[in-house]
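Only one structure is covered here, and it is reproduced in the block below.
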Amino acid sequence: MADHEDRAAIAELVRTFFAAFVSGTDSASRLDALRAILHPRAVIVRTCGGEPAVYAVDDFIAPRRELLSSGRLTGFSEWELSGRTEVYGDIAQHFCGYAKSGVQDGVPFTGQGMKTFQFVRTVAGWRIIAAAWDDAPEDRG
């Protein structure tokens, strides 16, 4: 039973992570929700074909808040395509494919890639301790 509950809690964290990246009204509160699911010392990494960009929580959220609320990025969303979760005691990982679409600076785009999340169980429940992503080579811009 615990494994089912753990997987459900982790699936909810993944849903909340993806839901944070939707442009339009209420984008600020969806981004603020990331603070509740990320460990305060979480590390987020973007690879996408270049030197990896490594972010702390606030360094990750701030530019995305600006982009999602500026009006430069409209109709944007990201969503999980498929994934798998492994749980062992108080650690877990989730590896998934995702897609995204939107309009940036008037130019429509779509893309896909892969994300990986690592989780730890804290006294407050499961939290993301690390996340990394890589866009498909043809979608790296």
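Residues in the structure tokens are numbered from 1 in each chain, the chains being A, B, ... in the order shown, and ligands are numbered from 1 in the order shown.
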
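With only C-alpha atoms taken into account, the protein and nucleic acid residues at most 12 Å from A:Gly49 (excluding it and anything under 3 positions from it in its own chain) are Arg46, Pro52, Ala53, Gly113, Trp133, Asp134, Asp135, Ala136, Pro137, Glu138, Asp139, Arg140 and Gly141 of chain A.
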
Store the residues picked out above in a file with N, CA and C atoms, as a compact mmCIF listing (two decimals), in the first residue's frame.
```txt
# COMPACT_ATOMS: atom_id res chain seq x y z
N ARG A 46 19.55 22.41 -16.95
CA ARG A 46 19.15 22.40 -18.36
C ARG A 46 20.40 22.05 -19.18
N PRO A 52 25.90 22.65 -19.51
CA PRO A 52 24.72 22.61 -18.63
C PRO A 52 24.57 23.90 -17.82
N ALA A 53 23.35 24.37 -17.74
CA ALA A 53 23.01 25.51 -16.89
C ALA A 53 22.45 24.93 -15.60
N GLY A 113 11.21 16.58 -25.48
CA GLY A 113 12.46 16.26 -24.81
C GLY A 113 12.24 15.25 -23.70
N TRP A 133 16.73 18.42 -17.62
CA TRP A 133 16.04 18.17 -18.88
C TRP A 133 16.95 18.42 -20.06
N ASP A 134 16.56 17.78 -21.15
CA ASP A 134 17.26 17.93 -22.42
C ASP A 134 16.19 17.94 -23.51
N ASP A 135 16.23 18.95 -24.36
CA ASP A 135 15.31 19.00 -25.49
C ASP A 135 15.85 18.13 -26.62
N ALA A 136 14.94 17.63 -27.44
CA ALA A 136 15.35 16.88 -28.63
C ALA A 136 16.28 17.75 -29.47
N PRO A 137 17.29 17.18 -30.10
CA PRO A 137 18.26 17.98 -30.87
C PRO A 137 17.61 18.95 -31.85
N GLU A 138 16.55 18.55 -32.50
CA GLU A 138 15.90 19.44 -33.48
C GLU A 138 15.11 20.57 -32.82
N ASP A 139 14.91 20.48 -31.49
CA ASP A 139 14.13 21.51 -30.77
C ASP A 139 14.99 22.41 -29.91
N ARG A 140 16.28 22.29 -30.02
CA ARG A 140 17.19 23.14 -29.22
C ARG A 140 17.34 24.47 -29.93
N GLY A 141 16.87 25.52 -29.26
CA GLY A 141 16.94 26.80 -29.92
C GLY A 141 17.68 27.85 -29.19
```

Per-residue nearest contacts of stretch 38-78 of chain A to stretch 98-112 of chain A (12 Å; only C-alpha atoms) as CSV:
```
residue,atom,partner,partner_atom,distance
A:Cys48,CA,A:Gln112,CA,11.1
A:Leu67,CA,A:Gln104,CA,9.3
A:Leu68,CA,A:Gln104,CA,10.0
A:Ser70,CA,A:Asp105,CA,10.4
A:Gly71,CA,A:Asp105,CA,8.4
A:Arg72,CA,A:Asp105,CA,5.0
A:Leu73,CA,A:Gln104,CA,4.4
A:Thr74,CA,A:Val103,CA,5.2
A:Gly75,CA,A:Gly102,CA,4.8
A:Phe76,CA,A:Gly102,CA,3.9
A:Ser77,CA,A:Lys100,CA,5.6
A:Glu78,CA,A:Lys100,CA,4.2
```

Can you spit out the residues from that selection as a JSON list (two decimals), in the first residue's frame, using all heavy atoms?
```json
[["chain", "number", "residue", "atom", "x", "y", "z"],
["A", 48, "CYS", "N", 20.39, 20.60, -23.05],
["A", 48, "CYS", "CA", 19.95, 21.11, -24.36],
["A", 48, "CYS", "C", 21.10, 21.41, -25.31],
["A", 48, "CYS", "O", 21.08, 22.41, -26.03],
["A", 48, "CYS", "CB", 19.04, 22.31, -24.19],
["A", 48, "CYS", "SG", 17.56, 21.91, -23.23],
["A", 67, "LEU", "N", 9.38, 35.53, -18.09],
["A", 67, "LEU", "CA", 8.99, 35.11, -19.43],
["A", 67, "LEU", "C", 7.51, 34.79, -19.52],
["A", 67, "LEU", "O", 6.82, 35.20, -20.46],
["A", 67, "LEU", "CB", 9.83, 33.90, -19.87],
["A", 67, "LEU", "CG", 9.61, 33.43, -21.31],
["A", 67, "LEU", "CD1", 9.93, 34.53, -22.31],
["A", 67, "LEU", "CD2", 10.46, 32.20, -21.57],
["A", 68, "LEU", "N", 6.98, 34.07, -18.53],
["A", 68, "LEU", "CA", 5.58, 33.66, -18.58],
["A", 68, "LEU", "C", 4.61, 34.81, -18.34],
["A", 68, "LEU", "O", 3.46, 34.74, -18.73],
["A", 68, "LEU", "CB", 5.32, 32.54, -17.57],
["A", 68, "LEU", "CG", 5.92, 31.18, -17.94],
["A", 68, "LEU", "CD1", 5.85, 30.21, -16.76],
["A", 68, "LEU", "CD2", 5.24, 30.59, -19.16],
["A", 70, "SER", "N", 5.45, 38.19, -19.10],
["A", 70, "SER", "CA", 5.83, 39.36, -19.89],
["A", 70, "SER", "C", 4.95, 39.60, -21.11],
["A", 70, "SER", "O", 4.96, 40.69, -21.67],
["A", 70, "SER", "CB", 7.28, 39.23, -20.35],
["A", 70, "SER", "OG", 7.39, 38.19, -21.32],
["A", 71, "GLY", "N", 4.25, 38.58, -21.55],
["A", 71, "GLY", "CA", 3.48, 38.69, -22.79],
["A", 71, "GLY", "C", 4.28, 38.26, -24.01],
["A", 71, "GLY", "O", 3.73, 38.14, -25.11],
["A", 72, "ARG", "N", 5.59, 38.02, -23.85],
["A", 72, "ARG", "CA", 6.43, 37.56, -24.96],
["A", 72, "ARG", "C", 6.13, 36.09, -25.29],
["A", 72, "ARG", "O", 6.35, 35.66, -26.41],
["A", 72, "ARG", "CB", 7.91, 37.68, -24.59],
["A", 72, "ARG", "CG", 8.42, 39.08, -24.50],
["A", 72, "ARG", "CD", 9.92, 39.12, -24.22],
["A", 72, "ARG", "NE", 10.64, 38.23, -25.10],
["A", 72, "ARG", "CZ", 11.59, 37.38, -24.69],
["A", 72, "ARG", "NH1", 11.93, 37.29, -23.42],
["A", 72, "ARG", "NH2", 12.22, 36.61, -25.57],
["A", 73, "LEU", "N", 5.70, 35.34, -24.29],
["A", 73, "LEU", "CA", 5.40, 33.91, -24.46],
["A", 73, "LEU", "C", 3.92, 33.71, -24.18],
["A", 73, "LEU", "O", 3.46, 33.92, -23.05],
["A", 73, "LEU", "CB", 6.26, 33.08, -23.51],
["A", 73, "LEU", "CG", 6.11, 31.57, -23.58],
["A", 73, "LEU", "CD1", 6.53, 31.04, -24.95],
["A", 73, "LEU", "CD2", 6.94, 30.91, -22.49],
["A", 74, "THR", "N", 3.18, 33.31, -25.20],
["A", 74, "THR", "CA", 1.73, 33.13, -25.05],
["A", 74, "THR", "C", 1.34, 31.73, -25.48],
["A", 74, "THR", "O", 2.05, 31.07, -26.24],
["A", 74, "THR", "CB", 0.96, 34.16, -25.90],
["A", 74, "THR", "OG1", 1.33, 34.01, -27.27],
["A", 74, "THR", "CG2", 1.26, 35.59, -25.44],
["A", 75, "GLY", "N", 0.21, 31.29, -24.97],
["A", 75, "GLY", "CA", -0.30, 29.97, -25.34],
["A", 75, "GLY", "C", 0.67, 28.85, -25.01],
["A", 75, "GLY", "O", 0.61, 27.78, -25.62],
["A", 76, "PHE", "N", 1.55, 29.07, -24.04],
["A", 76, "PHE", "CA", 2.59, 28.08, -23.74],
["A", 76, "PHE", "C", 2.12, 27.08, -22.69],
["A", 76, "PHE", "O", 1.47, 27.43, -21.72],
["A", 76, "PHE", "CB", 3.86, 28.76, -23.22],
["A", 76, "PHE", "CG", 4.96, 27.77, -22.93],
["A", 76, "PHE", "CD1", 5.68, 27.21, -23.97],
["A", 76, "PHE", "CD2", 5.24, 27.38, -21.63],
["A", 76, "PHE", "CE1", 6.69, 26.28, -23.72],
["A", 76, "PHE", "CE2", 6.25, 26.46, -21.37],
["A", 76, "PHE", "CZ", 6.97, 25.92, -22.42],
["A", 77, "SER", "N", 2.50, 25.83, -22.94],
["A", 77, "SER", "CA", 2.33, 24.79, -21.92],
["A", 77, "SER", "C", 3.32, 23.67, -22.20],
["A", 77, "SER", "O", 3.84, 23.54, -23.31],
["A", 77, "SER", "CB", 0.90, 24.25, -21.89],
["A", 77, "SER", "OG", 0.57, 23.64, -23.11],
["A", 78, "GLU", "N", 3.59, 22.91, -21.15],
["A", 78, "GLU", "CA", 4.41, 21.70, -21.22],
["A", 78, "GLU", "C", 3.60, 20.59, -20.60],
["A", 78, "GLU", "O", 2.84, 20.83, -19.67],
["A", 78, "GLU", "CB", 5.70, 21.84, -20.39],
["A", 78, "GLU", "CG", 6.75, 22.68, -20.99],
["A", 78, "GLU", "CD", 8.05, 22.62, -20.20],
["A", 78, "GLU", "OE1", 8.09, 22.09, -19.07],
["A", 78, "GLU", "OE2", 9.05, 23.10, -20.73]]
```

Would you pick out the contacts of A:Phe17 at 10 Å or less, using only C-alpha atoms, so that residues sharing its chain but fewer than 5 positions from it are not included, and give the list as a PyMOL selection string? chain A and resi 11-12+30-31+33-35+37-38+78-79+128

Put those residues in a file: all heavy atoms, as a CSV table (one decimal), in the first residue's frame.
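selection12.csv was written with the following content:
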```csv
chain,number,residue,atom,x,y,z
A,11,ALA,N,3.6,11.3,-8.5
A,11,ALA,CA,2.9,11.7,-9.7
A,11,ALA,C,2.3,13.1,-9.5
A,11,ALA,O,2.3,13.9,-10.5
A,11,ALA,CB,1.8,10.7,-10.0
A,12,GLU,N,1.8,13.4,-8.4
A,12,GLU,CA,1.2,14.7,-8.1
A,12,GLU,C,2.3,15.8,-8.2
A,12,GLU,O,2.1,16.9,-8.7
A,12,GLU,CB,0.5,14.8,-6.8
A,12,GLU,CG,-0.2,16.1,-6.5
A,12,GLU,CD,-1.2,16.5,-7.6
A,12,GLU,OE1,-1.8,15.6,-8.2
A,12,GLU,OE2,-1.4,17.7,-7.8
A,30,ARG,N,1.1,29.6,-10.0
A,30,ARG,CA,1.6,28.2,-10.4
A,30,ARG,C,3.1,28.1,-10.2
A,30,ARG,O,3.6,27.0,-9.8
A,30,ARG,CB,1.2,27.9,-11.8
A,30,ARG,CG,-0.3,27.6,-12.0
A,30,ARG,CD,-0.6,27.1,-13.4
A,30,ARG,NE,-0.3,28.0,-14.5
A,30,ARG,CZ,-1.0,29.0,-14.9
A,30,ARG,NH1,-2.2,29.2,-14.3
A,30,ARG,NH2,-0.6,29.8,-15.9
A,31,LEU,N,3.8,29.1,-10.5
A,31,LEU,CA,5.3,29.1,-10.3
A,31,LEU,C,5.6,29.1,-8.8
A,31,LEU,O,6.5,28.4,-8.3
A,31,LEU,CB,6.0,30.3,-11.0
A,31,LEU,CG,6.1,30.1,-12.5
A,31,LEU,CD1,6.5,31.4,-13.1
A,31,LEU,CD2,7.1,29.0,-12.8
A,33,ALA,N,3.9,27.6,-6.6
A,33,ALA,CA,3.7,26.3,-6.1
A,33,ALA,C,4.9,25.4,-6.2
A,33,ALA,O,5.0,24.4,-5.5
A,33,ALA,CB,2.5,25.7,-6.9
A,34,LEU,N,5.8,25.8,-7.1
A,34,LEU,CA,7.1,25.0,-7.2
A,34,LEU,C,7.9,25.0,-5.9
A,34,LEU,O,8.5,24.0,-5.5
A,34,LEU,CB,8.0,25.6,-8.3
A,34,LEU,CG,7.5,25.4,-9.7
A,34,LEU,CD1,8.5,26.1,-10.7
A,34,LEU,CD2,7.5,23.9,-10.1
A,35,ARG,N,7.8,26.1,-5.2
A,35,ARG,CA,8.5,26.2,-3.9
A,35,ARG,C,8.0,25.1,-2.9
A,35,ARG,O,8.8,24.7,-2.0
A,35,ARG,CB,8.4,27.5,-3.3
A,35,ARG,CG,9.3,28.5,-4.0
A,35,ARG,CD,9.4,29.8,-3.2
A,35,ARG,NE,10.3,30.7,-3.9
A,35,ARG,CZ,10.0,31.5,-5.0
A,35,ARG,NH1,8.8,31.4,-5.5
A,35,ARG,NH2,10.9,32.2,-5.6
A,37,ILE,N,7.0,22.1,-3.7
A,37,ILE,CA,7.3,20.7,-4.2
A,37,ILE,C,8.8,20.5,-4.3
A,37,ILE,O,9.3,19.4,-4.4
A,37,ILE,CB,6.6,20.3,-5.5
A,37,ILE,CG1,7.1,21.2,-6.6
A,37,ILE,CG2,5.1,20.4,-5.3
A,37,ILE,CD1,6.6,20.6,-8.0
A,38,LEU,N,9.6,21.6,-4.4
A,38,LEU,CA,11.0,21.5,-4.5
A,38,LEU,C,11.7,21.6,-3.1
A,38,LEU,O,11.3,22.4,-2.3
A,38,LEU,CB,11.6,22.6,-5.4
A,38,LEU,CG,11.2,22.6,-6.9
A,38,LEU,CD1,11.5,24.0,-7.5
A,38,LEU,CD2,12.0,21.5,-7.6
A,78,GLU,N,3.6,22.9,-21.2
A,78,GLU,CA,4.4,21.7,-21.2
A,78,GLU,C,3.6,20.6,-20.6
A,78,GLU,O,2.8,20.8,-19.7
A,78,GLU,CB,5.7,21.8,-20.4
A,78,GLU,CG,6.7,22.7,-21.0
A,78,GLU,CD,8.1,22.6,-20.2
A,78,GLU,OE1,8.1,22.1,-19.1
A,78,GLU,OE2,9.0,23.1,-20.7
A,79,TRP,N,3.8,19.4,-21.1
A,79,TRP,CA,3.0,18.2,-20.5
A,79,TRP,C,3.9,17.0,-20.7
A,79,TRP,O,4.6,16.8,-21.6
A,79,TRP,CB,1.7,18.1,-21.2
A,79,TRP,CG,1.7,17.9,-22.6
A,79,TRP,CD1,1.7,16.7,-23.3
A,79,TRP,CD2,1.8,18.9,-23.7
A,79,TRP,NE1,1.7,16.9,-24.7
A,79,TRP,CE2,1.8,18.2,-24.9
A,79,TRP,CE3,1.9,20.3,-23.7
A,79,TRP,CZ2,1.9,18.9,-26.1
A,79,TRP,CZ3,1.9,21.0,-24.9
A,79,TRP,CH2,1.9,20.3,-26.1
A,128,ILE,N,11.1,17.2,-4.6
A,128,ILE,CA,12.0,17.1,-5.7
A,128,ILE,C,13.4,17.7,-5.2
A,128,ILE,O,13.4,18.8,-4.7
A,128,ILE,CB,11.6,17.9,-6.9
A,128,ILE,CG1,10.3,17.3,-7.5
A,128,ILE,CG2,12.7,17.9,-8.0
A,128,ILE,CD1,9.6,18.2,-8.6
```

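The two atoms in question, atom CA of A:Val57 and atom CA of A:Ser82, are spaced 25.0 Å apart.
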
Which of stretch 10-140 of chain A fall in alpha helix (DSSP H), as a CSV table (one decimal) with N, CA and C atoms, in the first residue's frame:
```csv
chain,number,residue,atom,x,y,z
A,10,ILE,N,4.3,11.2,-5.7
A,10,ILE,CA,5.3,11.6,-6.7
A,10,ILE,C,4.6,12.0,-8.0
A,11,ALA,N,3.6,11.3,-8.5
A,11,ALA,CA,2.9,11.7,-9.7
A,11,ALA,C,2.3,13.1,-9.5
A,12,GLU,N,1.8,13.4,-8.4
A,12,GLU,CA,1.2,14.7,-8.1
A,12,GLU,C,2.3,15.8,-8.2
A,13,LEU,N,3.5,15.5,-7.7
A,13,LEU,CA,4.6,16.5,-7.8
A,13,LEU,C,5.0,16.7,-9.2
A,14,VAL,N,5.0,15.7,-10.0
A,14,VAL,CA,5.4,15.8,-11.4
A,14,VAL,C,4.3,16.6,-12.1
A,15,ARG,N,3.0,16.4,-11.9
A,15,ARG,CA,1.9,17.2,-12.5
A,15,ARG,C,2.1,18.6,-12.1
A,16,THR,N,2.4,18.9,-10.8
A,16,THR,CA,2.5,20.3,-10.3
A,16,THR,C,3.7,21.0,-11.0
A,17,PHE,N,4.8,20.2,-11.2
A,17,PHE,CA,5.9,20.8,-11.9
A,17,PHE,C,5.6,21.2,-13.3
A,18,PHE,N,5.0,20.3,-14.1
A,18,PHE,CA,4.6,20.7,-15.4
A,18,PHE,C,3.5,21.8,-15.5
A,19,ALA,N,2.6,21.8,-14.6
A,19,ALA,CA,1.5,22.8,-14.6
A,19,ALA,C,2.1,24.2,-14.3
A,27,SER,N,-0.1,32.6,-13.8
A,27,SER,CA,1.2,31.9,-13.9
A,27,SER,C,2.0,32.1,-12.7
A,28,ALA,N,1.9,33.3,-12.0
A,28,ALA,CA,2.7,33.5,-10.8
A,28,ALA,C,2.4,32.6,-9.7
A,29,SER,N,1.2,32.3,-9.5
A,29,SER,CA,0.8,31.4,-8.4
A,29,SER,C,1.2,29.9,-8.7
A,30,ARG,N,1.1,29.6,-10.0
A,30,ARG,CA,1.6,28.2,-10.4
A,30,ARG,C,3.1,28.1,-10.2
A,31,LEU,N,3.8,29.1,-10.5
A,31,LEU,CA,5.3,29.1,-10.3
A,31,LEU,C,5.6,29.1,-8.8
A,32,ASP,N,4.8,29.8,-8.0
A,32,ASP,CA,5.0,29.8,-6.5
A,32,ASP,C,4.8,28.4,-6.0
A,33,ALA,N,3.9,27.6,-6.6
A,33,ALA,CA,3.7,26.3,-6.1
A,33,ALA,C,4.9,25.4,-6.2
A,34,LEU,N,5.8,25.8,-7.1
A,34,LEU,CA,7.1,25.0,-7.2
A,34,LEU,C,7.9,25.0,-5.9
A,35,ARG,N,7.8,26.1,-5.2
A,35,ARG,CA,8.5,26.2,-3.9
A,35,ARG,C,8.0,25.1,-2.9
A,36,ALA,N,6.8,24.7,-3.0
A,36,ALA,CA,6.2,23.7,-2.1
A,36,ALA,C,6.6,22.3,-2.5
A,37,ILE,N,7.0,22.1,-3.7
A,37,ILE,CA,7.3,20.7,-4.2
A,37,ILE,C,8.8,20.5,-4.3
A,57,VAL,N,16.8,27.0,-6.7
A,57,VAL,CA,15.4,27.1,-6.8
A,57,VAL,C,15.0,28.5,-7.3
A,58,ASP,N,15.4,29.6,-6.6
A,58,ASP,CA,15.0,30.9,-7.0
A,58,ASP,C,15.6,31.4,-8.3
A,59,ASP,N,16.8,30.9,-8.6
A,59,ASP,CA,17.5,31.2,-9.9
A,59,ASP,C,16.7,30.6,-11.0
A,60,PHE,N,16.1,29.5,-10.8
A,60,PHE,CA,15.3,28.8,-11.8
A,60,PHE,C,14.0,29.4,-12.0
A,61,ILE,N,13.3,29.8,-10.9
A,61,ILE,CA,11.9,30.4,-11.0
A,61,ILE,C,11.9,31.8,-11.6
A,62,ALA,N,12.8,32.6,-11.2
A,62,ALA,CA,12.8,34.1,-11.5
A,62,ALA,C,12.7,34.3,-13.0
A,63,PRO,N,13.6,33.8,-13.9
A,63,PRO,CA,13.5,34.1,-15.3
A,63,PRO,C,12.2,33.5,-15.9
A,64,ARG,N,11.7,32.4,-15.4
A,64,ARG,CA,10.5,31.8,-16.0
A,64,ARG,C,9.3,32.6,-15.6
A,65,ARG,N,9.3,33.2,-14.4
A,65,ARG,CA,8.2,34.1,-14.0
A,65,ARG,C,8.2,35.3,-15.0
A,66,GLU,N,9.3,35.9,-15.3
A,66,GLU,CA,9.4,37.0,-16.2
A,66,GLU,C,8.9,36.6,-17.6
A,67,LEU,N,9.4,35.5,-18.1
A,67,LEU,CA,9.0,35.1,-19.4
A,67,LEU,C,7.5,34.8,-19.5
A,68,LEU,N,7.0,34.1,-18.5
A,68,LEU,CA,5.6,33.7,-18.6
A,68,LEU,C,4.6,34.8,-18.3
A,69,SER,N,5.1,35.9,-17.7
A,69,SER,CA,4.2,37.0,-17.4
A,69,SER,C,4.4,38.2,-18.3
```

Give me every strand (DSSP E or B) residue in chain A, going by DSSP on the backbone, as a PyMOL selection string. chain A and resi 38-46+53-55+73-88+91-104+107-122+125-135

Name all residues at most 10 Å from stretch 115-125 of chain A (count only C-alpha atoms; drop same-chain ones fewer than 5 positions away) and give them as an MDAnalysis selection string. chainID A and resid 6 9:10 13:14 36:39 42:46 80 83:98 130:135

For those residues, write N, CA and C atoms to a file as a tab-separated table (two decimals), in the first residue's frame.
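Heads up, here's the output in selection39.tsv:
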```tsv
chain	number	residue	atom	x	y	z
A	6	ASP	N	3.09	6.29	-2.30
A	6	ASP	CA	4.31	7.01	-2.70
A	6	ASP	C	4.24	7.39	-4.16
A	9	ALA	N	1.82	10.22	-4.72
A	9	ALA	CA	2.37	11.50	-4.25
A	9	ALA	C	3.41	12.03	-5.23
A	10	ILE	N	4.25	11.16	-5.74
A	10	ILE	CA	5.27	11.56	-6.71
A	10	ILE	C	4.63	12.00	-8.02
A	13	LEU	N	3.51	15.51	-7.67
A	13	LEU	CA	4.62	16.46	-7.76
A	13	LEU	C	4.99	16.71	-9.22
A	14	VAL	N	5.03	15.66	-10.01
A	14	VAL	CA	5.37	15.80	-11.44
A	14	VAL	C	4.29	16.63	-12.14
A	36	ALA	N	6.76	24.72	-3.01
A	36	ALA	CA	6.20	23.72	-2.09
A	36	ALA	C	6.62	22.31	-2.47
A	37	ILE	N	7.00	22.09	-3.73
A	37	ILE	CA	7.34	20.72	-4.15
A	37	ILE	C	8.84	20.51	-4.32
A	38	LEU	N	9.59	21.61	-4.40
A	38	LEU	CA	11.04	21.51	-4.52
A	38	LEU	C	11.67	21.60	-3.13
A	39	HIS	N	12.64	20.75	-2.87
A	39	HIS	CA	13.42	20.90	-1.65
A	39	HIS	C	14.09	22.27	-1.73
A	42	ALA	N	17.19	22.25	-3.76
A	42	ALA	CA	17.13	21.47	-4.99
A	42	ALA	C	18.03	22.09	-6.07
A	43	VAL	N	18.45	21.23	-6.99
A	43	VAL	CA	19.26	21.64	-8.11
A	43	VAL	C	18.49	21.31	-9.39
A	44	ILE	N	18.40	22.29	-10.30
A	44	ILE	CA	17.71	22.10	-11.56
A	44	ILE	C	18.72	22.36	-12.68
A	45	VAL	N	18.77	21.46	-13.67
A	45	VAL	CA	19.79	21.54	-14.71
A	45	VAL	C	19.15	21.47	-16.09
A	46	ARG	N	19.55	22.41	-16.95
A	46	ARG	CA	19.15	22.40	-18.36
A	46	ARG	C	20.40	22.05	-19.18
A	80	GLU	N	3.62	16.08	-19.76
A	80	GLU	CA	4.29	14.78	-19.80
A	80	GLU	C	3.64	13.90	-20.86
A	83	GLY	N	6.08	8.26	-18.78
A	83	GLY	CA	7.19	8.21	-17.84
A	83	GLY	C	7.14	6.97	-16.98
A	84	ARG	N	8.20	6.83	-16.21
A	84	ARG	CA	8.25	5.71	-15.26
A	84	ARG	C	8.87	6.19	-13.96
A	85	THR	N	8.39	5.62	-12.88
A	85	THR	CA	8.83	6.00	-11.53
A	85	THR	C	9.37	4.77	-10.84
A	86	GLU	N	10.49	4.96	-10.16
A	86	GLU	CA	11.06	3.90	-9.31
A	86	GLU	C	11.19	4.45	-7.91
A	87	VAL	N	10.79	3.65	-6.92
A	87	VAL	CA	10.84	4.05	-5.52
A	87	VAL	C	11.62	3.02	-4.75
A	88	TYR	N	12.52	3.50	-3.91
A	88	TYR	CA	13.25	2.61	-2.99
A	88	TYR	C	13.36	3.34	-1.66
A	89	GLY	N	12.63	2.88	-0.68
A	89	GLY	CA	12.68	3.51	0.64
A	89	GLY	C	12.32	4.98	0.57
A	90	ASP	N	13.29	5.83	0.90
A	90	ASP	CA	13.05	7.26	0.96
A	90	ASP	C	13.64	8.03	-0.22
A	91	ILE	N	13.96	7.31	-1.31
A	91	ILE	CA	14.42	7.96	-2.53
A	91	ILE	C	13.59	7.44	-3.69
A	92	ALA	N	13.50	8.26	-4.73
A	92	ALA	CA	12.74	7.86	-5.91
A	92	ALA	C	13.23	8.66	-7.10
A	93	GLN	N	12.90	8.16	-8.28
A	93	GLN	CA	13.22	8.89	-9.51
A	93	GLN	C	12.07	8.72	-10.50
A	94	HIS	N	11.94	9.71	-11.36
A	94	HIS	CA	10.93	9.67	-12.42
A	94	HIS	C	11.61	10.15	-13.69
A	95	PHE	N	11.50	9.38	-14.76
A	95	PHE	CA	12.10	9.72	-16.05
A	95	PHE	C	10.97	9.77	-17.06
A	96	CYS	N	10.87	10.87	-17.81
A	96	CYS	CA	9.71	11.00	-18.69
A	96	CYS	C	10.02	11.80	-19.94
A	97	GLY	N	9.23	11.52	-20.96
A	97	GLY	CA	9.21	12.33	-22.16
A	97	GLY	C	8.19	13.44	-21.96
A	98	TYR	N	8.44	14.58	-22.60
A	98	TYR	CA	7.49	15.67	-22.50
A	98	TYR	C	7.42	16.42	-23.83
A	130	ALA	N	16.24	17.12	-7.20
A	130	ALA	CA	16.97	17.44	-8.42
A	130	ALA	C	16.07	17.21	-9.63
A	131	ALA	N	16.28	18.02	-10.65
A	131	ALA	CA	15.57	17.85	-11.92
A	131	ALA	C	16.54	18.26	-13.03
A	132	ALA	N	16.42	17.58	-14.16
A	132	ALA	CA	17.25	17.93	-15.32
A	132	ALA	C	16.43	17.64	-16.57
A	133	TRP	N	16.73	18.42	-17.62
A	133	TRP	CA	16.04	18.17	-18.88
A	133	TRP	C	16.95	18.42	-20.06
A	134	ASP	N	16.56	17.78	-21.15
A	134	ASP	CA	17.26	17.93	-22.42
A	134	ASP	C	16.19	17.94	-23.51
A	135	ASP	N	16.23	18.95	-24.36
A	135	ASP	CA	15.31	19.00	-25.49
A	135	ASP	C	15.85	18.13	-26.62
```

Could you check how far atom CA of A:Leu81 sits from atom CA of A:Tyr55, in Å to one decimal?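 Atom CA of A:Tyr55 lies at a distance of 24.4 Å from atom CA of A:Leu81.
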
Hey, can you check how far atom CA of A:Met114 sits from atom CA of A:Glu51?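 For atom CA of A:Met114 relative to atom CA of A:Glu51, the distance reads 16.9 Å.
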